[in-house]
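File shown here: data_33.cif, holding mmCIF, C-alpha atoms.
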```cif
data_final
loop_
_atom_site.label_atom_id
_atom_site.label_comp_id
_atom_site.auth_asym_id
_atom_site.auth_seq_id
_atom_site.Cartn_x
_atom_site.Cartn_y
_atom_site.Cartn_z
CA MET A 1153 129.76 69.54 153.07
CA GLN A 1154 130.26 73.31 153.39
CA ILE A 1155 131.53 75.81 150.80
CA ASN A 1156 132.17 79.48 151.64
CA LEU A 1157 131.98 82.04 148.85
CA ASP A 1158 133.07 85.66 149.31
CA ASP A 1159 131.96 88.50 147.04
CA THR A 1160 130.19 86.04 144.76
CA THR A 1161 127.26 85.84 142.34
CA SER A 1162 124.12 83.73 142.00
CA PRO A 1163 125.57 81.58 139.16
CA GLU A 1164 128.67 80.85 141.25
CA ILE A 1165 126.48 79.89 144.21
CA ALA A 1166 124.38 77.59 142.00
CA ARG A 1167 127.53 75.88 140.70
CA ALA A 1168 128.84 75.49 144.25
CA MET A 1169 125.54 73.87 145.25
CA VAL A 1170 125.83 71.31 142.44
CA ARG A 1171 129.46 70.60 143.37
CA ALA A 1172 128.59 70.17 147.05
CA ARG A 1173 125.72 67.84 146.20
CA VAL A 1174 127.92 65.63 144.01
CA ASP A 1175 130.80 65.60 146.51
CA SER A 1176 128.44 64.60 149.32
CA GLY A 1177 127.12 61.70 147.27
CA SER A 1178 123.66 63.17 146.66
CA PRO A 1179 123.57 64.20 143.02
CA ALA A 1180 119.77 63.93 142.75
CA MET A 1181 117.39 66.55 144.12
CA ASP A 1182 114.47 65.08 146.06
CA MET A 1183 113.34 68.26 147.82
CA VAL A 1184 109.73 69.39 147.86
CA LEU A 1185 110.04 73.16 148.32
CA THR A 1186 112.27 76.19 148.77
CA ALA A 1187 112.10 77.85 152.19
CA LEU A 1188 113.28 81.48 152.32
CA VAL A 1189 114.18 82.79 155.78
CA VAL A 1190 114.56 86.58 155.94
CA THR A 1191 116.42 87.36 159.14
CA ASP A 1192 119.30 89.33 160.69
CA ASP A 1193 122.67 88.63 162.24
CA GLU A 1194 121.21 88.26 165.75
CA THR A 1195 118.67 85.57 164.91
CA VAL A 1196 120.08 83.92 161.79
CA GLY A 1197 121.65 81.00 163.69
CA ASP A 1198 118.47 80.02 165.54
CA ALA A 1199 116.32 80.55 162.46
CA LEU A 1200 118.43 78.30 160.23
CA ARG A 1201 118.64 75.61 162.91
CA THR A 1202 114.84 75.67 163.09
CA ALA A 1203 114.63 75.41 159.32
CA ALA A 1204 117.06 72.47 159.39
CA VAL A 1205 114.74 70.62 161.78
CA LEU A 1206 111.78 71.51 159.57
CA SER A 1207 113.50 70.08 156.51
CA ARG A 1208 113.43 66.60 158.05
CA GLU A 1209 109.66 66.54 157.54
CA HIS A 1210 109.64 68.71 154.42
CA PRO A 1211 112.95 68.15 152.57
CA SER A 1212 113.79 71.65 151.42
CA ARG A 1213 116.34 73.98 150.02
CA VAL A 1214 116.62 76.53 152.82
CA ILE A 1215 117.89 79.97 151.81
CA GLY A 1216 118.71 82.31 154.67
CA ILE A 1217 118.81 85.97 153.68
CA VAL A 1218 120.60 88.53 155.88
CA LEU A 1219 120.20 92.11 154.67
CA GLY A 1220 123.20 94.14 155.76
CA ASP A 1221 124.27 97.75 155.29
CA GLY A 1222 122.63 99.28 152.24
CA ARG A 1223 125.53 101.66 151.67
CA GLY A 1224 128.69 100.97 149.70
CA HIS A 1225 129.31 98.55 146.87
CA PRO A 1226 126.96 95.65 146.10
CA ARG A 1227 128.26 92.43 147.58
CA VAL A 1228 127.04 88.88 148.15
CA ASP A 1229 128.74 86.47 150.54
CA ALA A 1230 127.38 82.94 150.70
CA THR A 1231 127.73 79.73 152.66
CA VAL A 1232 126.51 76.55 150.98
CA ARG A 1233 125.80 73.40 153.00
CA VAL A 1234 124.66 69.97 151.84
CA GLY A 1235 124.13 66.89 153.99
CA GLU A 1236 124.79 68.49 157.38
CA ASN A 1237 122.12 67.73 159.99
CA ALA A 1238 119.29 68.20 157.52
CA ALA A 1239 117.34 66.36 154.87
CA GLY A 1240 117.85 69.14 152.33
CA GLU A 1241 120.26 71.87 151.38
CA SER A 1242 120.97 75.30 152.79
CA ILE A 1243 122.38 78.55 151.49
CA LEU A 1244 123.12 81.53 153.71
CA LEU A 1245 123.24 84.82 151.80
CA ARG A 1246 124.63 88.01 153.25
CA LEU A 1247 123.77 90.99 151.09
CA SER A 1248 125.12 94.53 151.30
CA GLY A 1249 125.01 97.72 149.27
CA PRO A 1250 122.20 98.30 146.75
CA LEU A 1251 121.51 94.54 146.66
CA THR A 1252 119.73 94.85 150.01
CA ARG A 1253 116.94 96.59 148.09
CA HIS A 1254 116.91 94.01 145.30
CA ALA A 1255 117.44 90.76 147.17
CA GLU A 1256 115.00 88.96 144.88
CA SER A 1257 117.45 89.29 141.98
CA VAL A 1258 119.98 87.21 143.93
CA VAL A 1259 117.47 84.71 145.29
CA LEU A 1260 115.43 84.00 142.16
CA PRO A 1261 118.11 81.95 140.30
CA LEU A 1262 118.60 79.79 143.42
CA LEU A 1263 114.99 78.60 143.80
CA LEU A 1264 114.20 74.96 143.12
CA PRO A 1265 112.54 74.65 139.73
CA ASP A 1266 108.83 73.79 139.57
CA SER A 1267 108.50 73.69 143.37
CA PRO A 1268 106.55 75.76 145.90
CA VAL A 1269 108.29 78.65 147.63
CA VAL A 1270 107.64 79.61 151.25
CA VAL A 1271 109.04 82.68 152.98
CA TRP A 1272 109.29 83.07 156.77
CA TRP A 1273 110.15 86.23 158.67
CA PRO A 1274 111.26 85.09 162.18
CA GLY A 1275 111.38 88.70 163.40
CA LYS A 1276 109.72 91.92 162.31
CA PRO A 1277 107.88 91.32 159.01
CA PRO A 1278 107.10 93.82 156.27
CA ALA A 1279 103.74 95.54 156.65
CA ALA A 1280 102.57 93.98 153.37
CA PRO A 1281 104.28 90.57 153.03
CA SER A 1282 102.82 89.82 149.59
CA GLN A 1283 104.19 93.12 148.24
CA ASP A 1284 107.67 92.62 149.66
CA PRO A 1285 110.25 91.80 146.92
CA ILE A 1286 111.02 88.45 148.58
CA GLY A 1287 107.38 87.86 149.50
CA ARG A 1288 106.39 88.11 145.82
CA LEU A 1289 108.43 84.99 145.10
CA ALA A 1290 106.40 82.82 147.51
CA GLN A 1291 103.06 81.01 147.52
CA ARG A 1292 103.06 81.01 151.33
CA ARG A 1293 104.23 83.86 153.55
CA LEU A 1294 104.65 83.21 157.27
CA THR A 1295 105.02 85.96 159.85
CA ASP A 1296 105.27 85.80 163.64
CA ALA A 1297 103.74 88.78 165.42
CA GLU A 1298 104.64 87.26 168.79
CA ALA A 1299 108.35 87.75 168.02
CA THR A 1300 108.00 91.53 167.60
CA ASP A 1301 107.98 94.40 170.09
CA SER A 1302 104.30 95.21 169.46
CA PRO A 1303 102.63 91.86 168.71
CA VAL A 1304 99.00 92.93 168.34
CA ARG A 1305 99.88 96.04 166.38
CA THR A 1306 102.07 93.98 164.05
CA LEU A 1307 99.32 91.39 163.63
CA LYS A 1308 96.77 94.05 162.64
CA SER A 1309 99.25 95.76 160.34
CA THR A 1310 99.90 92.62 158.31
CA ALA A 1311 96.20 91.71 158.46
CA ARG A 1312 95.27 94.98 156.75
CA ASN A 1313 97.45 93.95 153.82
CA TYR A 1314 96.37 90.31 153.73
CA ALA A 1315 96.77 88.35 150.50
CA PRO A 1316 95.95 84.66 149.95
CA GLY A 1317 98.87 82.63 151.27
CA ASP A 1318 99.57 84.89 154.27
CA THR A 1319 99.50 83.36 157.76
CA ASP A 1320 100.84 84.39 161.15
CA LEU A 1321 102.27 81.76 163.50
CA SER A 1322 100.06 83.22 166.25
CA TRP A 1323 97.18 81.57 164.38
CA THR A 1324 99.03 78.28 164.12
CA ARG A 1325 99.64 78.30 167.88
CA LEU A 1326 95.85 78.29 168.30
CA THR A 1327 95.28 74.95 166.58
CA PRO A 1328 95.05 72.91 169.84
CA TRP A 1329 92.75 75.51 171.43
CA ARG A 1330 90.47 75.64 168.42
CA ALA A 1331 90.35 71.83 168.24
CA LEU A 1332 89.39 71.56 171.91
CA LEU A 1333 86.73 74.26 171.63
CA ALA A 1334 85.26 72.68 168.51
CA ALA A 1335 85.14 69.31 170.27
CA ALA A 1336 83.51 70.89 173.32
CA LEU A 1337 80.81 72.59 171.27
CA ASP A 1338 80.09 69.34 169.42
CA GLN A 1339 79.36 67.71 172.79
CA ALA A 1340 77.60 70.59 174.56
CA THR A 1341 73.84 70.71 174.24
CA GLY A 1342 73.25 74.38 175.05
CA THR A 1343 73.65 77.38 172.75
CA VAL A 1344 76.55 79.68 173.59
CA GLU A 1345 75.33 83.03 174.90
CA ARG A 1346 78.62 84.78 175.67
CA GLY A 1347 82.24 84.01 176.45
CA VAL A 1348 85.56 85.12 177.91
CA VAL A 1349 89.16 84.66 176.77
CA GLU A 1350 91.78 85.32 179.45
CA ALA A 1351 95.43 85.91 178.50
CA GLY A 1352 98.38 88.16 179.10
CA SER A 1353 98.40 91.69 177.76
CA GLY A 1354 99.33 92.00 174.10
CA ASN A 1355 98.94 88.30 173.29
CA PRO A 1356 98.23 88.09 169.52
CA ALA A 1357 97.00 84.49 169.71
CA ALA A 1358 94.38 85.51 172.30
CA THR A 1359 93.32 88.39 170.07
CA LEU A 1360 92.85 85.97 167.17
CA LEU A 1361 91.04 83.42 169.34
CA THR A 1362 88.60 86.08 170.52
CA ALA A 1363 87.95 87.21 166.93
CA TRP A 1364 87.53 83.60 165.75
CA LEU A 1365 84.95 82.82 168.46
CA GLN A 1366 83.07 86.05 167.77
CA SER A 1367 82.93 85.42 164.03
CA ARG A 1368 81.92 81.76 164.41
CA LEU A 1369 79.44 82.04 167.27
CA GLY A 1370 78.00 85.50 166.65
CA VAL A 1371 77.87 86.29 170.38
CA PRO A 1372 79.82 88.69 172.63
CA ILE A 1373 83.28 87.33 173.50
CA THR A 1374 85.27 89.43 175.97
CA GLN A 1375 89.04 89.40 176.24
CA ARG A 1376 90.39 89.80 179.77
CA ARG A 1377 93.91 90.25 181.04
CA SER A 1378 95.45 87.49 183.16
CA ASP A 1379 98.72 87.27 185.09
CA THR A 1380 100.31 84.84 182.63
CA GLU A 1381 101.55 85.63 179.12
CA GLN A 1382 99.84 82.60 177.60
CA ILE A 1383 96.13 82.07 177.08
CA SER A 1384 95.12 80.90 180.53
CA ARG A 1385 91.38 80.32 180.34
CA VAL A 1386 88.43 80.25 177.94
CA VAL A 1387 84.84 80.13 179.18
CA LEU A 1388 81.77 79.82 176.96
CA GLU A 1389 78.50 80.32 178.81
CA THR A 1390 75.47 78.26 177.78
CA ALA A 1391 72.01 77.78 179.29
CA THR A 1392 73.03 74.31 180.47
CA GLY A 1393 76.37 75.36 182.01
CA ASP A 1394 79.82 76.60 181.12
CA VAL A 1395 82.27 75.13 178.64
CA THR A 1396 85.67 75.76 180.21
CA ILE A 1397 89.27 75.20 179.17
CA GLU A 1398 91.63 76.32 181.92
CA ARG A 1399 95.38 75.99 181.81
CA ILE A 1400 96.80 74.12 184.81
CA ASP A 1401 100.48 74.35 183.92
CA ALA A 1402 102.71 74.76 180.88
CA GLU A 1403 101.81 71.31 179.55
CA SER A 1404 98.14 70.68 180.36
CA CYS A 1405 94.70 72.13 180.93
CA LEU A 1406 91.40 71.23 182.62
CA PHE A 1407 88.68 70.60 180.06
CA SER A 1408 85.06 70.62 181.20
CA ILE A 1409 81.65 70.69 179.53
CA PRO A 1410 78.15 70.58 181.06
CA GLY A 1411 77.08 67.09 182.03
CA SER A 1412 80.58 65.57 182.02
CA ALA A 1413 83.32 65.29 184.60
CA PRO A 1414 86.29 67.64 184.06
CA ARG A 1415 89.36 65.96 182.62
CA HIS A 1416 93.01 66.80 182.07
CA VAL A 1417 94.09 67.34 178.47
CA PRO A 1418 97.63 67.92 177.12
CA LEU A 1419 98.14 71.51 175.96
CA GLY A 1420 101.88 72.15 175.79
CA ALA A 1421 103.63 74.79 173.73
CA ARG A 1422 105.03 73.62 170.40
CA SER A 1423 108.41 74.49 168.94
CA LEU A 1424 108.81 76.86 166.01
CA ALA A 1425 109.77 73.92 163.81
CA GLU A 1426 106.52 72.14 164.71
CA LEU A 1427 104.48 75.26 163.96
CA LEU A 1428 106.17 75.76 160.62
CA ALA A 1429 105.76 72.09 159.73
CA GLU A 1430 102.01 72.35 160.38
CA ASP A 1431 101.72 75.40 158.14
CA LEU A 1432 103.63 73.75 155.33
CA ARG A 1433 101.28 70.76 155.24
CA ARG A 1434 98.94 73.01 153.28
CA LEU A 1435 100.09 75.47 150.65
CA ASP A 1436 96.70 76.87 149.69
CA ALA A 1437 95.10 79.92 151.27
CA ASP A 1438 93.68 79.58 154.80
CA ASP A 1439 90.13 80.90 154.40
CA VAL A 1440 89.28 80.61 158.10
CA TYR A 1441 92.31 82.73 159.02
CA HIS A 1442 91.20 85.30 156.44
CA GLU A 1443 87.67 85.40 157.87
CA THR A 1444 89.07 85.76 161.39
CA ILE A 1445 91.38 88.69 160.66
CA THR A 1446 88.65 90.36 158.61
CA HIS A 1447 86.37 90.17 161.65
CA LEU A 1448 89.23 91.39 163.88
CA LEU A 1449 89.74 94.52 161.76
CA GLU A 1450 86.02 95.22 161.56
CA SER A 1451 85.28 94.81 165.28
#
```
Any chance you could put this one into structure tokens?
Amino acid sequence: MQINLDDTTSPEIARAMVRARVDSGSPAMDMVLTALVVTDDETVGDALRTAAVLSREHPSRVIGIVLGDGRGHPRVDATVRVGENAAGESILLRLSGPLTRHAESVVLPLLLPDSPVVVWWPGKPPAAPSQDPIGRLAQRRLTDAEATDSPVRTLKSTARNYAPGDTDLSWTRLTPWRALLAAALDQATGTVERGVVEAGSGNPAATLLTAWLQSRLGVPITQRRSDTEQISRVVLETATGDVTIERIDAESCLFSIPGSAPRHVPLGARSLAELLAEDLRRLDADDVYHETITHLLES
């Protein structure tokens, strides 16, 4: 069910949500969190569709927030949806006038009671997510440096203002790489002496992977530019031979360690919904991410 509200208020939106829930036959709330999506008119459709997919694994109240023109009179327009292609509820807020600088005052009454709050910026994030008015409402704050014009610069900017609960999706994209490298080092008998990470220029995931390997192994890890945008190859040199993960195509890589025959391993890109779902499986601070970005800023 969908209800459109023009020039409305938070209490009116809350009442419309209750009415929509009852009319759709779902009077009870069985959602586990509130997901705030701070976006713009260009990306709001894709972002809310991603959040709708996410809510099938994590039933959520999704609140999309579009900050419009800060001039003129304060105004809130809202669209409320219940039971449409999602396991939760969604509210799209369009704010204009002075409310664009006080969006939290509109959002706060719409949060699920006694439930975690997560905020995701699909585009350019604030430099200090935890100090952002919307960011202050959340236990988890998700940014995506890869979606910005200057990915590595954005990553370092948010890293300088890290607070527990912050994570960038560039780090989440590294989970398969980190798992493979950890498995390789468990099997390899030699001590790593140095290494190389090859990726396209300005790849924030490669920057994080390099920093993670440096901080964990305590050896020189060099980042080299490759012809592809993705991470294309990682080599760790040991006295007994090289540990190598080399991308073959968009879906797989060649995995080899000293003393074993190389083998093909799946390594496909994951959707935004899959990345977000992984991050939302844990709502506590990611200490390894914090250690990695600390090393990145110090190196």
Legend entry - Residues matched by the PyMOL selection byres ((chain A and resi 1159) around 6) as a list of chain:residue names: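 That expression, the PyMOL selection byres ((chain A and resi 1159) around 6), corresponds here to A:Asp1158, A:Thr1160, A:Arg1227, A:Val1228, A:Asp1229.
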Legend entry - Protein and nucleic acid residues near (128.0, 66.5, 151.3) (cut-off 7 Å, only C-alpha atoms) as a PyMOL selection string: chain A and resi 1153+1172-1173+1175-1177+1234-1235
Inset, instruction - For the file shown, report as a PyMOL selection string the outcome of the PyMOL selection byres ((chain A and resi 1418) around 12) at residue level. - result: chain A and resi 1328-1329+1332+1397-1407+1415-1417+1419-1422
Legend entry - 12 Å contact set for segment 1300-1311 of chain A, all atoms listed in the file, chain neighbours under 3 positions out, as an NGL selection string: :A and (1273-1284 or 1293-1297 or 1314-1323 or 1352-1360 or 1363 or 1441-1451)
Inset, instruction - Grab the atom CA of Ile1217 of chain A to atom CA of Leu1326 of chain A distance for me, in Å with one decimal place. - result: 28.3 Å
